[in-house]
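Asks: Before we start, here is the structure in question, set down as structure tokens.
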Amino acid sequence: MKKYAPYLLIALFALLLWDMLDAGMHLNIDGEEFDGPFGSLLGLMLAGGGALLGLLVTLVVGVVLAVVFAGVGVILLGALGLGAVSLAVLVSPLLLPLLLPLALVWYLVSRSRKARLAKPVVPAAA
């Protein structure tokens, strides 16, 4: 199939072009009518131009939406961080009874660690 696919595509495009030129497209632009082979070619050119313009508009809209969504994400993350900090500031006086025992345990552990590090280590006799 890989060998025959390009030939099939060329044949299909040739049939499409033949049908378009043979049947003749009827085009009406500002009251002037174009038909026959010239109307077909003019219609093909205008349709291709419209498709390219649509592709360009789609790409620009995609880029603008990507920038907007990225900006909205950054703003939402900033608002979430600000809300978390403000909530922590509001709740911090209520956490003082929990912080006192934690500070006491921390002090005792650090004192015992200092005492353990101050003792000289005697190597074992072999």
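Labeling convention for the structure tokens: chains A, B, ... as they appear, residues from 1 per chain, ligands from 1 in order of appearance.
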Run DSSP on the backbone and give me the residues of chain A it puts in alpha helix (DSSP H), as a PyMOL selection string.
Replies: chain A and resi 5-23+36-91+96-118
Asks: Give the strand (DSSP E) residues of chain A, as assigned by DSSP on the backbone, as a list of chain:residue names.
Replies: A:Leu27, A:Asn28, A:Ile29, A:Glu32, A:Glu33, A:Phe34
Asks: Enter the distance from atom CA of Val85 of chain A to atom CA of Ala103 of chain A, in Å, rounded to one decimal.
Replies: 22.0 Å
Asks: Identify, on the basis of only C-alpha atoms, every residue whose closest approach to Leu46 of chain A does not exceed 12 Å; exclude the query and any residue fewer than 6 positions from it along the same chain; express the result as a PyMOL selection string.
Replies: chain A and resi 27+29+39-40+52-53
